[in-house]
file query-v4.txt (compact mmCIF, C-alpha atoms)
# COMPACT_ATOMS: atom_id res chain seq x y z
CA MET A 1 3.34 -0.01 -35.31
CA ASP A 2 0.98 1.90 -33.02
CA ALA A 3 0.61 1.39 -29.26
CA GLU A 4 -2.35 -1.00 -29.35
CA GLN A 5 -0.77 -3.13 -32.07
CA ALA A 6 2.42 -3.37 -30.02
CA MET A 7 0.57 -4.42 -26.86
CA ARG A 8 -1.52 -7.00 -28.71
CA ARG A 9 1.68 -8.42 -30.16
CA ALA A 10 3.08 -8.56 -26.61
CA LEU A 11 -0.02 -10.47 -25.48
CA GLU A 12 0.40 -12.87 -28.39
CA LEU A 13 3.99 -13.51 -27.32
CA ALA A 14 2.95 -13.94 -23.69
CA ARG A 15 0.56 -16.77 -24.58
CA ARG A 16 3.53 -18.83 -25.74
CA GLY A 17 4.61 -19.15 -22.13
CA LEU A 18 1.35 -20.68 -20.87
CA SER A 19 1.86 -24.15 -19.37
CA GLN A 20 5.61 -23.45 -19.15
CA VAL A 21 5.99 -20.62 -16.63
CA GLU A 22 3.40 -21.35 -13.92
CA PRO A 23 3.10 -20.34 -11.12
CA ASN A 24 4.80 -17.29 -12.65
CA PRO A 25 2.64 -15.18 -14.95
CA ALA A 26 2.95 -15.45 -18.73
CA VAL A 27 4.39 -12.14 -19.92
CA GLY A 28 5.26 -10.72 -23.34
CA CYS A 29 7.27 -7.65 -24.28
CA VAL A 30 7.74 -5.61 -27.45
CA ILE A 31 10.26 -2.77 -27.82
CA VAL A 32 9.48 -0.09 -30.40
CA LYS A 33 11.69 2.75 -31.68
CA ASP A 34 10.75 5.24 -34.36
CA GLY A 35 7.59 3.21 -35.02
CA GLN A 36 9.52 0.00 -35.72
CA VAL A 37 9.84 -3.14 -33.59
CA ILE A 38 13.47 -3.54 -32.54
CA GLY A 39 13.05 -6.35 -29.99
CA GLU A 40 10.57 -8.95 -28.78
CA GLY A 41 10.54 -11.46 -25.98
CA TRP A 42 8.43 -13.52 -23.63
CA HIS A 43 8.88 -15.43 -20.40
CA ARG A 44 9.66 -18.88 -21.77
CA GLN A 45 9.73 -21.10 -18.69
CA TYR A 46 9.74 -21.02 -14.91
CA GLY A 47 13.04 -19.70 -13.60
CA ALA A 48 14.15 -18.39 -17.03
CA PRO A 49 14.72 -14.69 -17.87
CA HIS A 50 11.64 -12.50 -17.87
CA ALA A 51 10.06 -11.05 -21.02
CA GLU A 52 11.77 -7.67 -20.74
CA ILE A 53 15.22 -9.28 -20.50
CA GLU A 54 14.45 -11.48 -23.50
CA ALA A 55 13.30 -8.45 -25.52
CA LEU A 56 16.40 -6.42 -24.64
CA GLU A 57 18.58 -9.36 -25.65
CA ASP A 58 16.63 -9.58 -28.91
CA CYS A 59 17.52 -5.93 -29.56
CA ARG A 60 21.18 -6.77 -29.22
CA ARG A 61 20.85 -9.77 -31.54
CA ARG A 62 19.29 -7.50 -34.14
CA GLY A 63 22.00 -4.91 -33.70
CA GLN A 64 19.49 -2.37 -32.37
CA GLU A 65 19.99 0.12 -29.57
CA PRO A 66 17.08 0.29 -27.04
CA GLU A 67 18.06 3.73 -25.74
CA GLY A 68 15.12 6.10 -26.20
CA ALA A 69 12.71 3.29 -27.15
CA ILE A 70 9.18 2.55 -25.89
CA VAL A 71 8.70 -0.77 -24.06
CA TYR A 72 5.28 -2.45 -24.23
CA VAL A 73 4.89 -5.18 -21.62
CA THR A 74 1.81 -7.13 -20.54
CA LEU A 75 2.60 -6.85 -16.82
CA GLU A 76 4.32 -4.21 -14.70
CA PRO A 77 8.08 -4.89 -14.65
CA CYS A 78 9.31 -6.57 -11.48
CA CYS A 79 11.50 -4.58 -9.09
CA PHE A 80 12.90 -7.29 -6.81
CA THR A 81 15.37 -10.13 -7.07
CA GLY A 82 13.80 -13.58 -7.18
CA LYS A 83 15.02 -16.34 -9.46
CA THR A 84 16.11 -13.53 -11.78
CA GLY A 85 17.17 -9.92 -11.23
CA PRO A 86 14.78 -6.94 -11.28
CA CYS A 87 13.58 -6.01 -14.77
CA THR A 88 13.33 -2.36 -13.76
CA GLN A 89 17.10 -2.14 -13.37
CA ALA A 90 17.69 -3.74 -16.76
CA LEU A 91 15.32 -1.24 -18.40
CA LEU A 92 17.03 1.68 -16.67
CA GLN A 93 20.45 0.45 -17.75
CA ALA A 94 19.12 0.22 -21.33
CA LYS A 95 18.02 3.88 -21.06
CA VAL A 96 14.55 3.31 -22.50
CA ALA A 97 12.35 6.41 -22.75
CA LYS A 98 8.95 4.98 -21.81
CA VAL A 99 7.35 1.82 -20.40
CA VAL A 100 3.72 0.98 -21.19
CA ALA A 101 2.34 -1.80 -19.00
CA ALA A 102 -1.02 -3.44 -19.58
CA VAL A 103 -1.68 -3.94 -15.87
CA GLU A 104 -0.08 -3.50 -12.46
CA ASP A 105 1.58 -6.56 -10.93
CA PRO A 106 -0.46 -7.73 -7.87
CA HIS A 107 2.55 -9.55 -6.36
CA PRO A 108 3.13 -8.15 -2.84
CA GLN A 109 6.74 -7.29 -3.67
CA VAL A 110 5.69 -5.17 -6.67
CA ARG A 111 2.18 -3.62 -6.61
CA GLY A 112 3.08 -0.41 -8.40
CA ARG A 113 6.63 -0.16 -7.07
CA GLY A 114 8.09 -1.22 -10.41
CA LEU A 115 6.43 1.63 -12.28
CA GLN A 116 7.20 4.03 -9.44
CA GLN A 117 10.88 3.10 -9.57
CA LEU A 118 10.95 3.79 -13.30
CA ARG A 119 9.18 7.15 -12.93
CA GLN A 120 11.55 8.26 -10.19
CA ALA A 121 14.45 7.55 -12.54
CA GLY A 122 12.92 9.72 -15.25
CA VAL A 123 11.27 7.06 -17.41
CA LEU A 124 7.77 7.88 -18.64
CA THR A 125 5.19 5.25 -17.68
CA GLU A 126 1.67 4.37 -18.70
CA VAL A 127 -0.61 1.57 -17.49
CA GLY A 128 -3.95 0.18 -18.64
CA LEU A 129 -3.61 -0.52 -22.36
CA CYS A 130 -5.38 -3.87 -23.05
CA ARG A 131 -5.85 -4.32 -19.29
CA ALA A 132 -8.79 -6.75 -19.52
CA GLU A 133 -6.98 -9.08 -21.94
CA ALA A 134 -3.84 -9.04 -19.79
CA GLU A 135 -5.75 -9.89 -16.61
CA SER A 136 -7.68 -12.66 -18.34
CA LEU A 137 -4.46 -14.17 -19.68
CA ASN A 138 -3.09 -14.62 -16.15
CA ALA A 139 -6.37 -14.92 -14.26
CA PRO A 140 -5.07 -17.55 -11.78
CA PHE A 141 -2.07 -15.36 -10.90
CA PHE A 142 -4.29 -12.32 -10.29
CA LYS A 143 -6.85 -14.23 -8.23
CA TYR A 144 -4.19 -15.80 -6.02
CA HIS A 145 -2.48 -12.52 -5.19
CA ARG A 146 -5.67 -10.48 -4.84
CA THR A 147 -7.81 -12.91 -2.82
CA GLY A 148 -5.40 -15.38 -1.21
CA ARG A 149 -7.24 -18.27 -2.84
CA PRO A 150 -6.10 -20.62 -5.61
CA TRP A 151 -7.72 -20.73 -9.05
CA VAL A 152 -9.98 -23.81 -9.13
CA ILE A 153 -10.47 -25.84 -12.32
CA LEU A 154 -13.10 -28.58 -12.32
CA LYS A 155 -12.34 -31.35 -14.81
CA TRP A 156 -14.38 -34.38 -15.68
CA ALA A 157 -15.24 -36.72 -18.53
CA GLN A 158 -18.82 -37.75 -19.15
CA SER A 159 -21.14 -39.52 -21.52
CA ILE A 160 -23.81 -37.55 -23.36
CA ASP A 161 -26.32 -38.58 -20.70
CA GLY A 162 -24.16 -37.18 -17.88
CA LYS A 163 -22.58 -40.37 -16.51
CA MET A 164 -18.99 -40.02 -15.33
CA ALA A 165 -18.19 -43.72 -14.98
CA TRP A 166 -19.34 -47.21 -15.88
CA ARG A 167 -18.94 -50.65 -14.32
CA ALA A 168 -16.41 -50.98 -11.54
CA SER A 169 -12.79 -51.48 -12.55
CA SER A 170 -9.81 -52.40 -10.42
CA ASP A 171 -7.21 -51.16 -12.90
CA GLY A 172 -8.78 -47.86 -13.97
CA GLY A 173 -9.00 -49.08 -17.55
CA ASN A 174 -12.64 -48.38 -18.29
CA TRP A 175 -12.18 -44.91 -19.71
CA ILE A 176 -14.98 -42.70 -20.94
CA SER A 177 -12.74 -40.20 -22.76
CA ASN A 178 -10.36 -41.19 -25.55
CA GLU A 179 -6.54 -41.23 -25.51
CA ALA A 180 -6.23 -37.74 -27.05
CA CYS A 181 -8.34 -36.29 -24.23
CA ARG A 182 -6.29 -38.09 -21.61
CA GLN A 183 -3.09 -36.62 -23.06
CA ASP A 184 -4.69 -33.19 -22.92
CA VAL A 185 -5.39 -33.77 -19.21
CA HIS A 186 -1.73 -34.60 -18.62
CA ARG A 187 -0.75 -31.32 -20.29
CA LEU A 188 -3.22 -29.55 -18.00
CA ARG A 189 -1.77 -31.31 -14.94
CA LYS A 190 1.68 -30.06 -15.90
CA LYS A 191 0.39 -26.49 -15.78
CA ILE A 192 -1.16 -26.51 -12.30
CA GLN A 193 0.33 -26.95 -8.81
CA GLY A 194 -2.15 -29.32 -7.17
CA ILE A 195 -4.63 -32.05 -8.09
CA VAL A 196 -7.57 -32.43 -5.70
CA THR A 197 -9.62 -35.59 -5.44
CA GLY A 198 -12.00 -37.18 -2.96
CA ILE A 199 -11.56 -40.33 -0.93
CA GLU A 200 -14.31 -42.10 -2.90
CA THR A 201 -12.27 -41.69 -6.09
CA ILE A 202 -9.23 -43.13 -4.30
CA LEU A 203 -11.23 -46.12 -3.02
CA GLN A 204 -13.04 -46.83 -6.29
CA ASP A 205 -10.51 -45.91 -9.01
CA ASN A 206 -7.14 -45.86 -7.20
CA PRO A 207 -5.65 -43.24 -9.57
CA GLN A 208 -1.99 -42.18 -9.68
CA LEU A 209 -2.77 -38.50 -10.38
CA THR A 210 0.64 -37.89 -11.92
CA VAL A 211 1.82 -36.15 -15.08
CA ARG A 212 2.66 -38.76 -17.71
CA LEU A 213 3.90 -37.06 -20.86
CA GLY A 214 7.02 -39.10 -21.46
CA GLU A 215 9.29 -36.34 -20.16
CA PRO A 216 10.69 -35.48 -16.72
CA ILE A 217 8.63 -33.01 -14.69
CA SER A 218 10.71 -30.75 -12.44
CA ARG A 219 7.73 -29.54 -10.37
CA PRO A 220 5.02 -32.22 -10.33
CA PRO A 221 1.66 -31.10 -8.93
CA VAL A 222 0.86 -32.12 -5.38
CA ARG A 223 -1.79 -34.85 -5.03
CA ILE A 224 -4.40 -33.72 -2.51
CA VAL A 225 -6.93 -36.19 -1.09
CA LEU A 226 -9.98 -34.90 0.79
CA ASP A 227 -10.64 -37.59 3.38
CA SER A 228 -12.83 -36.42 6.27
CA GLN A 229 -12.80 -39.79 8.07
CA LEU A 230 -9.22 -40.89 7.21
CA ARG A 231 -10.28 -43.93 5.20
CA ILE A 232 -7.34 -43.75 2.81
CA PRO A 233 -5.65 -47.19 2.43
CA PHE A 234 -1.89 -47.41 2.77
CA ASP A 235 -1.55 -49.41 -0.45
CA CYS A 236 -3.26 -46.83 -2.71
CA ARG A 237 -1.25 -45.47 -5.63
CA VAL A 238 -1.00 -41.89 -4.37
CA LEU A 239 0.89 -43.23 -1.34
CA MET A 240 2.78 -46.05 -3.05
CA THR A 241 4.14 -44.00 -5.97
CA GLN A 242 6.74 -41.34 -5.30
CA GLU A 243 6.54 -39.30 -8.53
CA ALA A 244 4.75 -36.47 -6.70
CA PRO A 245 4.04 -35.35 -3.12
CA THR A 246 0.76 -36.38 -1.49
CA TRP A 247 -1.23 -34.33 1.01
CA VAL A 248 -4.21 -35.72 2.91
CA VAL A 249 -6.83 -33.22 4.08
CA THR A 250 -8.92 -34.41 7.02
CA THR A 251 -11.06 -32.96 9.80
CA HIS A 252 -9.81 -31.92 13.22
CA THR A 253 -11.93 -34.70 14.74
CA SER A 254 -10.45 -37.48 12.62
CA PHE A 255 -6.94 -36.10 13.02
CA HIS A 256 -7.11 -36.32 16.82
CA ALA A 257 -9.10 -39.58 16.88
CA GLN A 258 -6.61 -41.56 14.76
CA PRO A 259 -3.07 -40.64 15.87
CA GLU A 260 -1.64 -44.02 14.82
CA LYS A 261 -2.92 -43.67 11.28
CA ILE A 262 -1.64 -40.09 11.12
CA SER A 263 1.79 -41.35 12.14
CA ARG A 264 1.78 -44.10 9.51
CA LEU A 265 0.63 -41.71 6.79
CA ARG A 266 3.49 -39.38 7.63
CA GLN A 267 5.90 -42.30 7.54
CA ALA A 268 4.57 -43.05 4.07
CA GLY A 269 5.56 -39.51 3.05
CA ALA A 270 2.16 -37.81 3.20
CA GLU A 271 1.61 -34.38 4.67
CA ILE A 272 -1.58 -34.01 6.75
CA LEU A 273 -3.73 -30.89 6.68
CA GLU A 274 -6.45 -30.28 9.29
CA VAL A 275 -9.64 -28.38 8.49
CA SER A 276 -13.10 -28.02 9.98
CA GLN A 277 -15.92 -30.35 9.06
CA SER A 278 -18.78 -29.08 6.90
CA GLY A 279 -21.66 -31.54 6.93
CA ARG A 280 -20.03 -34.91 6.21
CA HIS A 281 -17.11 -33.37 4.33
CA CYS A 282 -13.96 -31.35 4.78
CA ASP A 283 -14.69 -27.64 4.69
CA LEU A 284 -13.75 -26.53 1.18
CA HIS A 285 -13.23 -22.87 2.09
CA GLU A 286 -10.66 -23.77 4.75
CA THR A 287 -9.09 -26.30 2.42
CA LEU A 288 -8.53 -23.68 -0.28
CA ASP A 289 -7.12 -21.25 2.28
CA GLN A 290 -4.64 -23.87 3.47
CA LEU A 291 -3.59 -24.77 -0.07
CA ALA A 292 -3.02 -21.10 -0.91
CA LYS A 293 -0.91 -20.60 2.22
CA ARG A 294 1.29 -23.44 0.97
CA GLY A 295 1.80 -21.64 -2.32
CA LEU A 296 -0.63 -23.47 -4.59
CA GLN A 297 -1.86 -20.89 -7.07
CA GLN A 298 -3.85 -23.14 -9.41
CA ILE A 299 -5.51 -26.47 -8.61
CA LEU A 300 -7.33 -29.07 -10.68
CA VAL A 301 -10.25 -31.00 -9.19
CA GLU A 302 -10.44 -34.54 -10.57
CA ALA A 303 -13.19 -36.26 -8.65
CA GLY A 304 -16.65 -37.76 -8.80
CA PRO A 305 -19.94 -35.86 -9.05
CA THR A 306 -20.36 -35.32 -5.30
CA LEU A 307 -17.17 -33.31 -4.87
CA GLN A 308 -17.46 -31.56 -8.24
CA SER A 309 -21.00 -30.43 -7.44
CA GLN A 310 -19.92 -29.33 -3.96
CA PHE A 311 -17.41 -26.90 -5.49
CA LEU A 312 -20.09 -25.62 -7.86
CA LYS A 313 -22.79 -25.26 -5.20
CA GLU A 314 -20.43 -23.35 -2.90
CA LYS A 315 -19.36 -21.13 -5.82
CA LEU A 316 -15.70 -21.98 -5.38
CA ALA A 317 -14.91 -22.98 -8.97
CA ASP A 318 -13.38 -20.61 -11.51
CA GLU A 319 -13.23 -22.79 -14.59
CA VAL A 320 -14.65 -26.05 -15.96
CA ARG A 321 -13.19 -28.45 -18.52
CA ILE A 322 -15.71 -31.06 -19.59
CA TYR A 323 -14.72 -33.90 -21.92
CA ILE A 324 -17.77 -35.41 -23.62
CA ALA A 325 -17.66 -38.81 -25.31
CA PRO A 326 -20.22 -40.03 -27.91
CA LEU A 327 -21.77 -42.51 -25.47
CA LEU A 328 -25.20 -43.08 -23.98
CA LEU A 329 -24.47 -45.28 -20.96
CA GLY A 330 -27.98 -45.44 -19.51
CA ALA A 331 -28.26 -48.07 -16.79
CA ALA A 332 -24.67 -49.21 -17.43
CA GLY A 333 -23.39 -45.83 -16.28
CA LYS A 334 -22.82 -44.58 -12.77
CA ALA A 335 -21.60 -41.41 -11.06
CA ASP A 336 -24.54 -39.41 -12.38
CA LEU A 337 -23.55 -35.77 -12.53
CA SER A 338 -27.04 -34.52 -13.31
CA ALA A 339 -28.35 -36.14 -10.13
CA ALA A 340 -25.60 -34.52 -8.04
CA LEU A 341 -26.45 -31.11 -9.46
CA ARG A 342 -30.17 -31.25 -8.68
CA GLY A 343 -31.36 -28.24 -6.73
CA MET A 344 -28.45 -26.12 -7.85
CA GLU A 345 -29.08 -22.69 -9.33
CA ARG A 346 -28.36 -22.05 -12.98
CA ILE A 347 -24.74 -21.08 -13.63
CA GLU A 348 -23.71 -18.93 -16.58
CA LEU A 349 -20.50 -20.00 -18.29
CA HIS A 350 -18.28 -17.38 -19.90
CA GLN A 351 -15.37 -17.35 -22.36
CA ARG A 352 -16.61 -20.63 -23.74
CA GLN A 353 -14.36 -22.66 -26.01
CA ILE A 354 -14.92 -25.93 -27.86
CA GLU A 355 -12.12 -28.25 -28.96
CA VAL A 356 -12.39 -31.56 -30.77
CA PHE A 357 -10.22 -34.55 -29.88
CA GLY A 358 -11.09 -37.23 -32.41
CA ASP A 359 -14.63 -38.30 -31.61
CA ASN A 360 -14.59 -36.51 -28.21
CA VAL A 361 -15.40 -32.87 -27.51
CA LEU A 362 -13.95 -30.60 -24.84
CA ILE A 363 -16.06 -27.73 -23.57
CA SER A 364 -14.08 -25.31 -21.43
CA ALA A 365 -15.39 -22.14 -19.83
CA ARG A 366 -15.02 -19.78 -16.90
CA LEU A 367 -17.61 -19.24 -14.20

call {"tool": "encode", "arguments": {"input": "query-v4.txt", "output": "structure tokens"}}
result
Amino acid sequence: MDAEQAMRRALELARRGLSQVEPNPAVGCVIVKDGQVIGEGWHRQYGAPHAEIEALEDCRRRGQEPEGAIVYVTLEPCCFTGKTGPCTQALLQAKVAKVVAAVEDPHPQVRGRGLQQLRQAGVLTEVGLCRAEAESLNAPFFKYHRTGRPWVILKWAQSIDGKMAWRASSDGGNWISNEACRQDVHRLRKKIQGIVTGIETILQDNPQLTVRLGEPISRPPVRIVLDSQLRIPFDCRVLMTQEAPTWVVTTHTSFHAQPEKISRLRQAGAEILEVSQSGRHCDLHETLDQLAKRGLQQILVEAGPTLQSQFLKEKLADEVRIYIAPLLLGAAGKADLSAALRGMERIELHQRQIEVFGDNVLISARL
């Protein structure tokens, strides 16, 4: 197996960790000796051993000795103790000859120090093989650590004629997308750290915004409500249900004008975030900065056309996931996305993918 084949195999392994390891990066590792693979591993879930540790353990299971081997890993090995020990020390103890990393780790506690530590101990190092693929695989992780902003995914369901809702419903039962699409959304929610919505969605649809996959979720995403005028009712589901934390983002003006409501919201378990006002809305740039400071690396925007288009117009979105149902709602539809997007410049979508869920279609892409 040559170097590129080994790294592409490591990337293939890394993908198995997606939706399981976040906010950690998905990492794969392949150990090669005398041209043969003697160990493989990937980071399987958050808090579990890293890919390098898994690959070294695989060597032992196979009865292989990693001394003198070449290690191909999709991200620079970590050199600090977090939930697990430093991978650099494990590689040094295994006496590997060389480490080839696809890309440097942007985490502030690493940033080249892992490779430097290996070099200082006499291990050969190389970085850059399949760099673009490795960065794309963990794009949210790289954006967060390089820019201090979370990765923003816009998600909505629509009819063919661009309507995101139809006749008012008190129980949220008038779905546009089918059940298979809704289950896909729950899998997406499990992957991210925060779900952002607007106050109009809370008032009109009263969603729970929780992960419902029939299994316990150890780290449910935070529910984040943008509410510039503090109109959120105390009996809404995001306050009444305790399956996940709820944060309410409001403006400095509303925060100081309604101290009693702030107090009651806190008593209900909500955390309140203050930001500046931009037009009639909460400033999205400040909101994203605040969410990042609280450790949210990847957020999902589930809202109506006004808020979705605001993220697009301010060029704050990184990815879109659009579920399209075989419906023409016409006058029966509401929440017209095309109307909200009027006046907006053309946006090119990249890395486009199409998936079919029964009679619904998902178009996903990066901006």

call {"tool": "closest_residue", "arguments": {"input": "query-v4.txt", "among": "A:Val248, A:Leu296, A:Leu329, A:Leu91", "to": "His145 of chain A", "atoms": "all atoms listed in the file"}}
result
A:Leu296

call {"tool": "residues_near_point", "arguments": {"input": "query-v4.txt", "point": "(-22.3, -39.4, -16.9)", "cutoff": "8 Å", "atoms": "only C-alpha atoms", "output": "PDB file with C-alpha atoms, in the frame of the given file"}}
result
ATOM      1  CA  ALA A 157     -15.240 -36.720 -18.530  1.00  0.00           C
ATOM      2  CA  GLN A 158     -18.820 -37.750 -19.150  1.00  0.00           C
ATOM      3  CA  SER A 159     -21.140 -39.520 -21.520  1.00  0.00           C
ATOM      4  CA  ILE A 160     -23.810 -37.550 -23.360  1.00  0.00           C
ATOM      5  CA  ASP A 161     -26.320 -38.580 -20.700  1.00  0.00           C
ATOM      6  CA  GLY A 162     -24.160 -37.180 -17.880  1.00  0.00           C
ATOM      7  CA  LYS A 163     -22.580 -40.370 -16.510  1.00  0.00           C
ATOM      8  CA  MET A 164     -18.990 -40.020 -15.330  1.00  0.00           C
ATOM      9  CA  ALA A 165     -18.190 -43.720 -14.980  1.00  0.00           C
ATOM     10  CA  LEU A 329     -24.470 -45.280 -20.960  1.00  0.00           C
ATOM     11  CA  GLY A 333     -23.390 -45.830 -16.280  1.00  0.00           C
ATOM     12  CA  LYS A 334     -22.820 -44.580 -12.770  1.00  0.00           C
ATOM     13  CA  ALA A 335     -21.600 -41.410 -11.060  1.00  0.00           C
ATOM     14  CA  ASP A 336     -24.540 -39.410 -12.380  1.00  0.00           C
ATOM     15  CA  LEU A 337     -23.550 -35.770 -12.530  1.00  0.00           C
ATOM     16  CA  SER A 338     -27.040 -34.520 -13.310  1.00  0.00           C
TER      17      SER A 338
END

call {"tool": "closest_residue", "arguments": {"input": "query-v4.txt", "among": "A:Thr84, A:Thr287, A:Ile224, A:Lys313", "to": "Glu271 of chain A", "atoms": "all atoms listed in the file"}}
result
A:Ile224

call {"tool": "closest_residue", "arguments": {"input": "query-v4.txt", "among": "A:Ala102, A:Ile217, A:Ile176, A:Cys130", "to": "Gln20 of chain A", "atoms": "only C-alpha atoms"}}
result
A:Ile217

call {"tool": "axis_aligned_box", "arguments": {"input": "query-v4.txt", "around": "segment 257-266 of chain A", "padding_each_side": "3 Å", "output": "JSON"}}
result
{"center_x": -2.8, "center_y": -41.7, "center_z": 11.8, "size_x": 18.6, "size_y": 10.7, "size_z": 16.1}

call {"tool": "residues_around", "arguments": {"input": "query-v4.txt", "residues": "Ala340 of chain A", "least_positions_apart": "6", "cutoff": "9 Å", "atoms": "only C-alpha atoms", "output": "list in words"}}
result
Pro305, Thr306, Gln308, Ser309 and Gln310 of chain A

call {"tool": "residues_around", "arguments": {"input": "query-v4.txt", "residues": "segment 203-205 of chain A", "least_positions_apart": "2", "cutoff": "12 Å", "atoms": "only C-alpha atoms", "output": "ChimeraX atom specification"}}
result
/A:165-175,197-201,207-209,225-227,230-238,302-304,334-335

call {"tool": "atom_distance", "arguments": {"input": "query-v4.txt", "atom1": "atom CA of Ala14 of chain A", "atom2": "atom CA of His43 of chain A"}}
result
6.9 Å

call {"tool": "closest_residue", "arguments": {"input": "query-v4.txt", "among": "A:Gln36, A:Thr253, A:Gln193, A:Thr81", "to": "Gly114 of chain A", "atoms": "all atoms listed in the file"}}
result
A:Thr81

call {"tool": "residues_around", "arguments": {"input": "query-v4.txt", "residues": "Trp156 of chain A", "least_positions_apart": "5", "cutoff": "7 Å", "atoms": "only C-alpha atoms", "output": "ChimeraX atom specification"}}
result
/A:302,321-323

call {"tool": "write_last_selection", "arguments": {"input": "query-v4.txt", "atoms": "C-alpha atoms", "output": "PDB file, in the coordinates of the input"}}
result
ATOM      1  CA  GLU A 302     -10.440 -34.540 -10.570  1.00  0.00           C
ATOM      2  CA  ARG A 321     -13.190 -28.450 -18.520  1.00  0.00           C
ATOM      3  CA  ILE A 322     -15.710 -31.060 -19.590  1.00  0.00           C
ATOM      4  CA  TYR A 323     -14.720 -33.900 -21.920  1.00  0.00           C
TER       5      TYR A 323
END

call {"tool": "residues_around", "arguments": {"input": "query-v4.txt", "residues": "Arg294 of chain A", "least_positions_apart": "2", "cutoff": "12 Å", "atoms": "all atoms listed in the file", "output": "MDAnalysis selection string"}}
result
chainID A and resid 144 148:150 193:194 222 247 271 273 287:292 296:298

call {"tool": "atom_distance", "arguments": {"input": "query-v4.txt", "atom1": "atom CA of Val275 of chain A", "atom2": "atom CA of Thr251 of chain A"}}
result
5.0 Å

call {"tool": "closest_residue", "arguments": {"input": "query-v4.txt", "among": "A:Ala26, A:Cys59, A:Ile153, A:Leu307", "to": "Val185 of chain A", "atoms": "only C-alpha atoms"}}
result
A:Ile153

call {"tool": "residues_around", "arguments": {"input": "query-v4.txt", "residues": "Trp151 of chain A", "least_positions_apart": "5", "cutoff": "9 Å", "atoms": "all atoms listed in the file", "output": "PDB file with C-alpha atoms, keeping the file's coordinate frame"}}
result
ATOM      1  CA  ALA A 139      -6.370 -14.920 -14.260  1.00  0.00           C
ATOM      2  CA  PRO A 140      -5.070 -17.550 -11.780  1.00  0.00           C
ATOM      3  CA  PHE A 141      -2.070 -15.360 -10.900  1.00  0.00           C
ATOM      4  CA  LYS A 143      -6.850 -14.230  -8.230  1.00  0.00           C
ATOM      5  CA  TYR A 144      -4.190 -15.800  -6.020  1.00  0.00           C
ATOM      6  CA  LEU A 296      -0.630 -23.470  -4.590  1.00  0.00           C
ATOM      7  CA  GLN A 297      -1.860 -20.890  -7.070  1.00  0.00           C
ATOM      8  CA  GLN A 298      -3.850 -23.140  -9.410  1.00  0.00           C
ATOM      9  CA  ILE A 299      -5.510 -26.470  -8.610  1.00  0.00           C
ATOM     10  CA  LEU A 300      -7.330 -29.070 -10.680  1.00  0.00           C
ATOM     11  CA  LEU A 316     -15.700 -21.980  -5.380  1.00  0.00           C
ATOM     12  CA  ALA A 317     -14.910 -22.980  -8.970  1.00  0.00           C
ATOM     13  CA  ASP A 318     -13.380 -20.610 -11.510  1.00  0.00           C
ATOM     14  CA  GLU A 319     -13.230 -22.790 -14.590  1.00  0.00           C
TER      15      GLU A 319
END

call {"tool": "closest_residue", "arguments": {"input": "query-v4.txt", "among": "A:Leu137, A:Ile192, A:Ala268, A:Cys282", "to": "Val249 of chain A", "atoms": "all atoms listed in the file"}}
result
A:Cys282

call {"tool": "atom_distance", "arguments": {"input": "query-v4.txt", "atom1": "atom CA of Leu349 of chain A", "atom2": "atom CA of Ile324 of chain A"}}
result
16.5 Å

call {"tool": "residues_near_point", "arguments": {"input": "query-v4.txt", "point": "(10.4, 6.3, -18.5)", "cutoff": "6 Å", "atoms": "all atoms listed in the file", "output": "list in words"}}
result
Ala97, Lys98, Val99, Leu118, Arg119, Gly122, Val123, Leu124 and Thr125 of chain A
